[in-house]
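Structure, as structure tokens:
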Amino acid sequence: MSKVVVFDELGGPEVLHVVEEEPLAPSAGEVRVRIEAFALNPLDSMLRTGALPVPVRLPHARTGVEATGIVDALGPGVGTLSVGDPVLVTSVPDSDVRGVAAEYTNLPSGSLVRRPAGLEVAEAAAVWVGFSTAFGTLAAVADLREGDSVLVTGASGSVGRAAVQVAARLGARPIAITRDPAKADALRAAGAAAVVVAGRDDIPAAVRSHTAETGADVVLDLVRGPGQPELLAAARTGGLLVEAGFLDPRPTPAPEDGRVRVVGYRGFDQLGDPEVVARMASFLADGVADGDLRPVVDRVFDLDHVVDAYRLLESRRRSGGKIVVRMGSASPEA
């Protein structure tokens, strides 16, 4: 049997509970994965509370979009993977049906890539969302080049810190924005050329001082909200701002002029393109091997404490690293 985290009604973490299900044989083009660990993401909470504009198939809805595991069985027509391969889950658009918070789940083979060597299981569970988002926004959308300056908001979070590392590996100059001055040294160690403290520093002036008065070439806004005009003012004329987060739920003002181009990032659009996913996976594997890319794990829970794990995620009382839940290692019954 397979332990699966489900919820029967919308609500807080307390609606989650663990049930047992018979693992299903994979259909054509599918892979059954034995999940070793999964990471928690705000998207999970938004789906569970009804904050996303998508229907949730209740009762018995599943959860979880980020995980690592071992290929356990192959459906017909899968020739790119083998039983026993360690893999990362790249996307689960229908997480209320295929959510990875389970000991076993069946996924399309195109939703998996091989796990980079050199990562512990908890790190591997926590690596894909942050680094694929960072690569997708900075390399695939912004076409960040060597020598470019890039301003990263929410840099103390998992995606923000990944973006700092990705930008540095691309040869750019990351300028990290954080609200916590105590995080400055860690951000510099991750590759930030400079750190700006929101609420203390004048952001446009600080960025100009770090860019020879020209402003940032690219802004990655993982926060949005009423602070975005400051970011636009910190960008150079003709620069680009990529919106890729929702840390501030308040409305984001419309740009007052077209001095800076603003584009939105939709992760599932990028993750639906096999070529982009292959580039992401290759970049990640090489960066991990070279020691340039590394996720930060805050806490690791066992499955019996999954509700506590989500409570911690939603309390925001954490270091900025990912929260991971490790699974057991039981085999499915015949």
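Residue numbering restarts at 1 for every chain of the structure tokens, chains are lettered A, B, ... in their displayed order, and ligands are numbered from 1 as they appear.
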
Please tabulate, as CSV, the residues of segment 190-264 of chain A that come within 8 Å of segment 159-171 of chain A, each with its closest pair of atoms and the distance in Å to one decimal, counting only C-alpha atoms and ordering rows by chain, then residue number upward.
```
residue,atom,partner,partner_atom,distance
A:Ala190,CA,A:Gln165,CA,5.7
A:Gly191,CA,A:Ala168,CA,5.6
A:Ala192,CA,A:Val164,CA,6.0
A:Leu222,CA,A:Gly160,CA,7.2
```

Give me the segment 143-170 of chain A side of the contact with segment 235-253 of chain A, cut-off 10 Å, one line per residue showing its nearest atom pair and distance in Å at one decimal, counting only C-alpha atoms, sorted by chain and residue number, as a tab-separated table.
```
residue	atom	partner	partner_atom	distance
A:Ser149	CA	A:Ala235	CA	9.5
A:Val150	CA	A:Ala235	CA	9.0
A:Leu151	CA	A:Ala235	CA	8.3
A:Val152	CA	A:Val242	CA	10.0
A:Thr153	CA	A:Gly245	CA	9.5
A:Gly154	CA	A:Leu247	CA	8.0
A:Gly157	CA	A:Leu247	CA	9.9
A:Val159	CA	A:Gly245	CA	9.1
A:Gly160	CA	A:Gly245	CA	9.8
```

Generate the output file for the selected residues, C-alpha atoms, as a PDB file, in the first residue's frame.
```pdb
ATOM      1  CA  SER A 149      23.292  43.654 -13.614  1.00  0.00           C
ATOM      2  CA  VAL A 150      20.206  41.951 -12.204  1.00  0.00           C
ATOM      3  CA  LEU A 151      18.191  43.107  -9.214  1.00  0.00           C
ATOM      4  CA  VAL A 152      16.561  40.226  -7.275  1.00  0.00           C
ATOM      5  CA  THR A 153      13.776  40.931  -4.793  1.00  0.00           C
ATOM      6  CA  GLY A 154      12.859  38.500  -2.025  1.00  0.00           C
ATOM      7  CA  GLY A 157      13.711  33.175   0.035  1.00  0.00           C
ATOM      8  CA  VAL A 159      13.630  31.173  -5.222  1.00  0.00           C
ATOM      9  CA  GLY A 160      15.436  34.468  -4.619  1.00  0.00           C
TER      10      GLY A 160
END
```

Would you list the contacts of Arg57 of chain A as JSON, numbers by chain, taking every protein, DNA or RNA residue within 8 Å and counting only C-alpha atoms, but skipping same-chain residues closer than 2 positions in sequence? {"A": [55, 59, 60, 61, 96, 97]}

Just-selected residues, C-alpha atoms written as a compact mmCIF listing (two decimals), in the first residue's frame:
```
# COMPACT_ATOMS: atom_id res chain seq x y z
CA PRO A 55 -11.24 23.88 -9.51
CA PRO A 59 -13.04 15.02 -1.78
CA HIS A 60 -9.79 13.09 -1.62
CA ALA A 61 -7.70 15.78 -3.32
CA ASP A 96 -5.00 17.64 -6.81
CA VAL A 97 -4.97 14.28 -8.66
```

Report the residues of segment 79-138 of chain A whose backbone DSSP state falls under alpha helix (DSSP H), written as a list in words.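 Alpha helix (DSSP H) assignments inside segment 79-138 of chain A correspond to Ser95, Asp96, Val97, Arg98, Val121, Ala122, Glu123, Ala124, Ala125, Trp128, Val129, Gly130, Phe131, Ser132, Thr133, Ala134 and Phe135 of chain A.
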
What's the 7 Å shell around Ala37 of chain A, counting only C-alpha atoms, without same-chain residues fewer than 3 positions away, as a ChimeraX atom specification? /A:67-69,121-122,125,324-327

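Using only C-alpha atoms for every distance, the candidate list A:Ser27, A:Ser45, A:Ala102, A:Leu16 yields A:Ser45 as the residue closest to Glu314 of chain A.
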
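Our summary of the geometry notes that atom CA of Phe268 of chain A is positioned 13.9 Å from atom CA of Leu112 of chain A.
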
From A:Val6, A:Gly64, A:Thr137, A:Val54, residue lying nearest Gln270 of chain A [only C-alpha atoms]: A:Thr137

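From atom CA of Phe135 of chain A back to atom CA of Glu275 of chain A, the distance works out to 13.1 Å.
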
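Take atom CA of Ile35 of chain A and atom CA of Tyr104 of chain A: the distance between them is 5.7 Å.
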
DSSP on the backbone: what in segment 6-168 of chain A comes out strand (DSSP E), as a PyMOL selection string? chain A and resi 6-7+16-21+30-39+61-62+66-74+86-89+104-108+112-114+149-152

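Checking A:Val300, A:Val65, A:Ala184, A:Leu284 one by one against Asp44 of chain A, counting only C-alpha atoms, you find the shortest gap at A:Val65.
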
Nearest to Val100 of chain A by atom-to-atom distance, counting only C-alpha atoms, from A:Val4, A:Ile175, A:Leu119, A:Ala186: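 Once distances to Val100 of chain A are computed over only C-alpha atoms, the minimum belongs to A:Val4.
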
Neighbours of Arg32 of chain A within 6 Å (only C-alpha atoms; same-chain residues fewer than 3 positions away dropped), as an NGL selection string? :A and (26 or 72-73 or 105-106)

Which is closest to Trp128 of chain A among A:Ser82, A:Thr90, A:Thr214, A:Thr63, if we use only C-alpha atoms? A:Thr90
